[in-house]
file entry_20.cif (mmCIF, C-alpha atoms)
data_data
#
loop_
_atom_site.label_atom_id
_atom_site.label_comp_id
_atom_site.auth_asym_id
_atom_site.auth_seq_id
_atom_site.Cartn_x
_atom_site.Cartn_y
_atom_site.Cartn_z
CA THR A 781 30.37 1.94 11.28
CA GLY A 782 27.00 0.32 10.72
CA LEU A 783 25.70 -1.64 13.70
CA GLY A 784 28.26 -0.49 16.21
CA GLU A 785 30.30 2.43 17.32
CA ILE A 786 33.86 2.47 18.56
CA GLU A 787 33.69 3.04 22.31
CA GLY A 788 37.37 3.47 23.12
CA GLN A 789 40.09 0.98 23.88
CA GLY A 790 38.97 -1.17 20.96
CA ARG A 791 35.55 -2.04 22.40
CA MET A 792 32.46 -1.89 20.27
CA LYS A 793 29.18 -0.47 21.60
CA GLN A 794 25.99 -1.88 20.09
CA LEU A 795 23.61 0.72 18.70
CA PRO A 796 19.92 -0.17 18.50
CA LEU A 797 18.41 -0.11 15.03
CA ASP A 798 15.14 1.72 14.69
CA ILE A 799 13.20 -1.10 13.07
CA LEU A 800 10.02 -2.85 14.08
CA LEU A 801 10.15 -6.62 13.77
CA GLY A 802 7.02 -8.68 13.96
CA ALA A 803 4.61 -5.76 14.18
CA GLN A 804 1.08 -6.88 14.96
CA PRO A 805 -1.54 -6.25 12.27
CA ASP A 806 -3.76 -3.29 13.02
CA LEU A 807 -6.66 -1.56 11.34
CA ASP A 808 -4.72 1.67 10.82
CA HIS A 809 -2.22 -0.06 8.52
CA PHE A 810 -4.82 -1.60 6.22
CA VAL A 811 -5.08 0.24 2.90
CA GLN A 812 -8.77 1.02 2.59
CA THR A 813 -9.06 1.37 -1.18
CA ASP A 814 -12.56 0.21 -2.12
CA ASN A 815 -13.01 -1.15 1.43
CA GLU A 816 -14.48 1.89 3.19
CA TRP A 817 -17.72 0.09 4.15
CA VAL A 818 -15.80 -2.89 5.48
CA MET A 819 -13.54 -0.72 7.59
CA GLN A 820 -16.42 1.39 8.91
CA HIS A 821 -18.29 -1.76 9.95
CA LEU A 822 -15.24 -3.32 11.62
CA ARG A 823 -14.43 -0.15 13.55
CA LEU A 824 -18.03 0.20 14.74
CA GLN A 825 -18.01 -3.41 15.94
CA VAL A 826 -14.70 -3.08 17.79
CA GLU A 827 -15.61 0.26 19.38
CA ALA A 828 -19.15 -0.75 20.41
CA ALA A 829 -19.79 -1.45 24.07
CA THR A 830 -21.81 -4.44 22.90
CA PRO A 831 -20.92 -5.57 19.36
CA SER A 832 -23.69 -6.84 17.13
CA PRO A 833 -24.47 -10.53 17.68
CA VAL A 834 -25.06 -10.86 13.93
CA PRO A 835 -22.05 -12.60 12.31
CA THR A 836 -19.79 -10.69 9.94
CA TYR A 837 -18.41 -12.59 6.97
CA LEU A 838 -15.48 -11.19 4.96
CA TRP A 839 -14.71 -12.71 1.60
CA GLY A 840 -12.25 -12.10 -1.18
CA GLY A 841 -9.37 -13.58 -3.10
CA ARG A 842 -6.05 -14.66 -1.71
CA GLY A 843 -3.89 -11.83 -0.43
CA VAL A 844 -6.55 -9.11 -0.11
CA GLY A 845 -6.06 -8.78 3.66
CA LYS A 846 -8.81 -10.82 5.31
CA THR A 847 -6.42 -12.51 7.75
CA HIS A 848 -4.75 -9.15 8.46
CA LEU A 849 -8.14 -7.67 9.39
CA LEU A 850 -9.15 -10.58 11.64
CA LYS A 851 -5.77 -10.58 13.40
CA ALA A 852 -5.93 -6.80 13.81
CA ILE A 853 -9.33 -7.16 15.46
CA MET A 854 -8.05 -9.99 17.65
CA HIS A 855 -5.11 -7.92 18.91
CA LEU A 856 -7.23 -4.80 19.39
CA VAL A 857 -9.91 -6.64 21.36
CA GLN A 858 -7.36 -8.57 23.43
CA SER A 859 -5.57 -5.30 24.26
CA LYS A 860 -8.82 -4.28 25.99
CA GLY A 861 -8.70 -7.43 28.11
CA ILE A 862 -11.50 -9.12 26.18
CA GLY A 863 -11.36 -12.88 25.50
CA VAL A 864 -11.16 -14.03 21.89
CA GLY A 865 -11.51 -17.46 20.32
CA TRP A 866 -9.50 -18.03 17.11
CA MET A 867 -9.86 -20.86 14.62
CA ASP A 868 -8.16 -21.31 11.27
CA ALA A 869 -7.35 -24.26 9.00
CA SER A 870 -4.33 -25.18 11.14
CA SER A 871 -6.33 -25.23 14.39
CA ASP A 872 -7.00 -28.40 16.35
CA SER A 873 -10.46 -29.58 15.31
CA SER A 874 -11.32 -30.44 18.91
CA LEU A 875 -10.58 -26.99 20.37
CA PRO A 876 -13.52 -26.40 22.73
CA PHE A 877 -15.63 -23.27 22.76
CA ASP A 878 -15.00 -21.07 25.79
CA PRO A 879 -18.08 -19.17 27.05
CA ALA A 880 -15.73 -16.54 28.53
CA TRP A 881 -14.82 -15.38 25.03
CA GLN A 882 -16.67 -12.30 23.89
CA TRP A 883 -15.39 -12.57 20.32
CA VAL A 884 -15.11 -15.54 17.96
CA LEU A 885 -12.90 -15.21 14.89
CA MET A 886 -12.66 -17.89 12.19
CA ASP A 887 -10.21 -17.43 9.33
CA ASP A 888 -10.19 -19.17 5.92
CA VAL A 889 -13.26 -21.32 6.54
CA HIS A 890 -13.10 -22.52 2.94
CA LEU A 891 -10.06 -24.60 3.99
CA TYR A 892 -11.71 -26.33 6.97
CA ASP A 893 -11.82 -30.11 6.92
CA THR A 894 -14.89 -32.08 8.01
CA LEU A 895 -13.97 -32.09 11.72
CA GLN A 896 -13.14 -28.38 11.70
CA GLN A 897 -16.49 -27.66 10.03
CA HIS A 898 -18.21 -29.60 12.81
CA ASN A 899 -16.33 -27.58 15.43
CA ALA A 900 -17.02 -24.32 13.56
CA PHE A 901 -20.75 -25.10 13.63
CA ASN A 902 -20.51 -25.76 17.37
CA TRP A 903 -18.71 -22.45 17.92
CA LEU A 904 -21.24 -20.55 15.78
CA VAL A 905 -24.24 -21.97 17.64
CA GLN A 906 -22.72 -21.31 21.06
CA ALA A 907 -21.57 -17.81 20.10
CA ILE A 908 -24.77 -16.68 18.39
CA HIS A 909 -27.26 -18.51 20.65
CA PRO A 910 -25.49 -19.11 23.98
CA PRO A 911 -27.38 -21.19 26.52
CA LEU A 912 -26.69 -18.47 29.11
CA GLY A 913 -25.66 -14.86 28.85
CA GLN A 914 -25.07 -12.54 25.97
CA SER A 915 -24.27 -13.39 22.34
CA HIS A 916 -20.67 -13.11 21.16
CA ALA A 917 -19.33 -11.06 18.28
CA VAL A 918 -18.50 -13.38 15.36
CA MET A 919 -16.26 -12.58 12.39
CA VAL A 920 -15.38 -15.11 9.72
CA SER A 921 -13.40 -15.03 6.48
CA GLY A 922 -13.44 -17.13 3.33
CA ASP A 923 -12.49 -16.92 -0.32
CA VAL A 924 -16.00 -16.79 -1.84
CA PRO A 925 -19.43 -15.50 -0.78
CA PRO A 926 -20.98 -17.73 1.89
CA GLN A 927 -23.57 -19.24 -0.47
CA GLN A 928 -20.71 -20.57 -2.66
CA LEU A 929 -18.68 -22.15 0.15
CA ALA A 930 -18.13 -25.91 -0.13
CA LEU A 931 -19.02 -26.37 3.54
CA ARG A 932 -21.74 -28.04 5.55
CA GLU A 933 -25.10 -26.43 4.84
CA ASP A 934 -25.67 -25.52 8.51
CA VAL A 935 -22.34 -23.61 8.63
CA ARG A 936 -22.91 -21.94 5.25
CA SER A 937 -26.44 -20.81 6.17
CA ARG A 938 -25.32 -19.23 9.44
CA LEU A 939 -22.58 -17.30 7.65
CA SER A 940 -24.91 -16.01 4.94
CA TRP A 941 -27.59 -14.42 7.11
CA GLY A 942 -25.26 -11.89 8.73
CA HIS A 943 -23.23 -8.95 7.47
CA VAL A 944 -21.37 -10.00 4.30
CA PHE A 945 -18.59 -7.87 2.82
CA GLU A 946 -16.24 -8.43 -0.10
CA VAL A 947 -12.70 -7.30 0.73
CA HIS A 948 -11.04 -5.79 -2.33
CA GLY A 949 -7.33 -5.97 -3.04
CA LEU A 950 -5.25 -3.04 -4.15
CA ASN A 951 -5.77 -1.85 -7.69
CA ASP A 952 -2.67 -1.57 -9.91
CA GLU A 953 -2.26 2.13 -9.21
CA MET A 954 -2.34 1.68 -5.41
CA ALA A 955 -0.06 -1.39 -5.53
CA ALA A 956 2.56 0.61 -7.43
CA GLN A 957 2.82 3.24 -4.68
#

call {"tool": "encode", "arguments": {"input": "entry_20.cif", "output": "structure tokens"}}
result
Amino acid sequence: TGLGEIEGQGRMKQLPLDILLGAQPDLDHFVQTDNEWVMQHLRLQVEAATPSPVPTYLWGGRGVGKTHLLKAIMHLVQSKGIGVGWMDASSDSSLPFDPAWQWVLMDDVHLYDTLQQHNAFNWLVQAIHPPLGQSHAVMVSGDVPPQQLALREDVRSRLSWGHVFEVHGLNDEMAAQ
């Protein structure tokens, strides 16, 4: 009878449906077609006792999975009890950097306004060159290679000297499956 089952005397008993609503992004559910190097790098970073302090920049067109990857990393790192800072184009431009974070993730930097770019620069400097303690892991995404970003030069230059990977979307054959 669909969602319920007759339980006797006209009462209905609710049966749970075996569906997963709102599943968190994870690395295992990202189709790796043409992205093997990206995935290998991300897994090494997440599994390392001390991730590389060199920033990782992921770029690619709309819908290729950059946000999925950053959110998967955020959830994976947080599940280990590690602090993560997150900034995207909808974030408050005055969100302060927290030195307790061990990871800094910035999504869709190509959409940042002037104040967000200023804050992103602040986060990058404090994450990469903290006044005290160890550097933080930094991962950033945008729609074009860092040299082509229409951002402040100091932000663009910091994103271009690290690990830069193009994230490829599914080809027609993979998308049809």

call {"tool": "atom_distance", "arguments": {"input": "entry_20.cif", "atom1": "atom CA of Gln820 of chain A", "atom2": "atom CA of Ser940 of chain A"}}
result
19.8 Å

call {"tool": "resolve_selection", "arguments": {"input": "entry_20.cif", "expression": "the PyMOL selection byres ((chain A and resi 890) around 9)", "output": "list in words"}}
result
Ala869, Asp887, Asp888, Val889, Leu891, Tyr892, Asp893, Ser921, Gly922, Asp923, Val924, Leu929, Ala930 and Leu931 of chain A

call {"tool": "write_last_selection", "arguments": {"input": "entry_20.cif", "atoms": "C-alpha atoms", "output": "PDB file, keeping the file's coordinate frame"}}
result
ATOM      1  CA  ALA A 869      -7.350 -24.260   9.000  1.00  0.00           C
ATOM      2  CA  ASP A 887     -10.210 -17.430   9.330  1.00  0.00           C
ATOM      3  CA  ASP A 888     -10.190 -19.170   5.920  1.00  0.00           C
ATOM      4  CA  VAL A 889     -13.260 -21.320   6.540  1.00  0.00           C
ATOM      5  CA  LEU A 891     -10.060 -24.600   3.990  1.00  0.00           C
ATOM      6  CA  TYR A 892     -11.710 -26.330   6.970  1.00  0.00           C
ATOM      7  CA  ASP A 893     -11.820 -30.110   6.920  1.00  0.00           C
ATOM      8  CA  SER A 921     -13.400 -15.030   6.480  1.00  0.00           C
ATOM      9  CA  GLY A 922     -13.440 -17.130   3.330  1.00  0.00           C
ATOM     10  CA  ASP A 923     -12.490 -16.920  -0.320  1.00  0.00           C
ATOM     11  CA  VAL A 924     -16.000 -16.790  -1.840  1.00  0.00           C
ATOM     12  CA  LEU A 929     -18.680 -22.150   0.150  1.00  0.00           C
ATOM     13  CA  ALA A 930     -18.130 -25.910  -0.130  1.00  0.00           C
ATOM     14  CA  LEU A 931     -19.020 -26.370   3.540  1.00  0.00           C
TER      15      LEU A 931
END

call {"tool": "atom_distance", "arguments": {"input": "entry_20.cif", "atom1": "atom CA of Gln928 of chain A", "atom2": "atom CA of Val834 of chain A"}}
result
19.7 Å

call {"tool": "residues_around", "arguments": {"input": "entry_20.cif", "residues": "segment 895-909 of chain A", "least_positions_apart": "5", "cutoff": "7 Å", "atoms": "all atoms listed in the file", "output": "PyMOL selection string"}}
result
chain A and resi 833+873-874+877+915-916+932+935

call {"tool": "atom_distance", "arguments": {"input": "entry_20.cif", "atom1": "atom CA of His943 of chain A", "atom2": "atom CA of Gly840 of chain A"}}
result
14.3 Å

call {"tool": "residues_near_point", "arguments": {"input": "entry_20.cif", "point": "(-23.2, -10.1, 30.2)", "cutoff": "12 Å", "atoms": "all atoms listed in the file", "output": "VMD selection string"}}
result
chain A and resid 829 to 831 879 to 882 910 912 to 916

call {"tool": "closest_residue", "arguments": {"input": "entry_20.cif", "among": "A:Gly949, A:Pro835, A:Gly863, A:Gly841", "to": "Val920 of chain A", "atoms": "all atoms listed in the file"}}
result
A:Pro835

call {"tool": "closest_residue", "arguments": {"input": "entry_20.cif", "among": "A:Val918, A:Leu838, A:Val844, A:Val947", "to": "Val826 of chain A", "atoms": "all atoms listed in the file"}}
result
A:Val918

call {"tool": "closest_residue", "arguments": {"input": "entry_20.cif", "among": "A:Pro876, A:Pro911, A:Gly843, A:Trp883", "to": "Gln858 of chain A", "atoms": "all atoms listed in the file"}}
result
A:Trp883

call {"tool": "closest_residue", "arguments": {"input": "entry_20.cif", "among": "A:Met886, A:Leu875, A:Val944, A:Ala917", "to": "Ile862 of chain A", "atoms": "only C-alpha atoms"}}
result
A:Ala917

call {"tool": "closest_residue", "arguments": {"input": "entry_20.cif", "among": "A:Ser937, A:Gln927, A:Ser870, A:Gln804", "to": "His848 of chain A", "atoms": "all atoms listed in the file"}}
result
A:Gln804

call {"tool": "closest_residue", "arguments": {"input": "entry_20.cif", "among": "A:Gly942, A:Arg842, A:Met867, A:Ile853", "to": "Leu824 of chain A", "atoms": "all atoms listed in the file"}}
result
A:Ile853
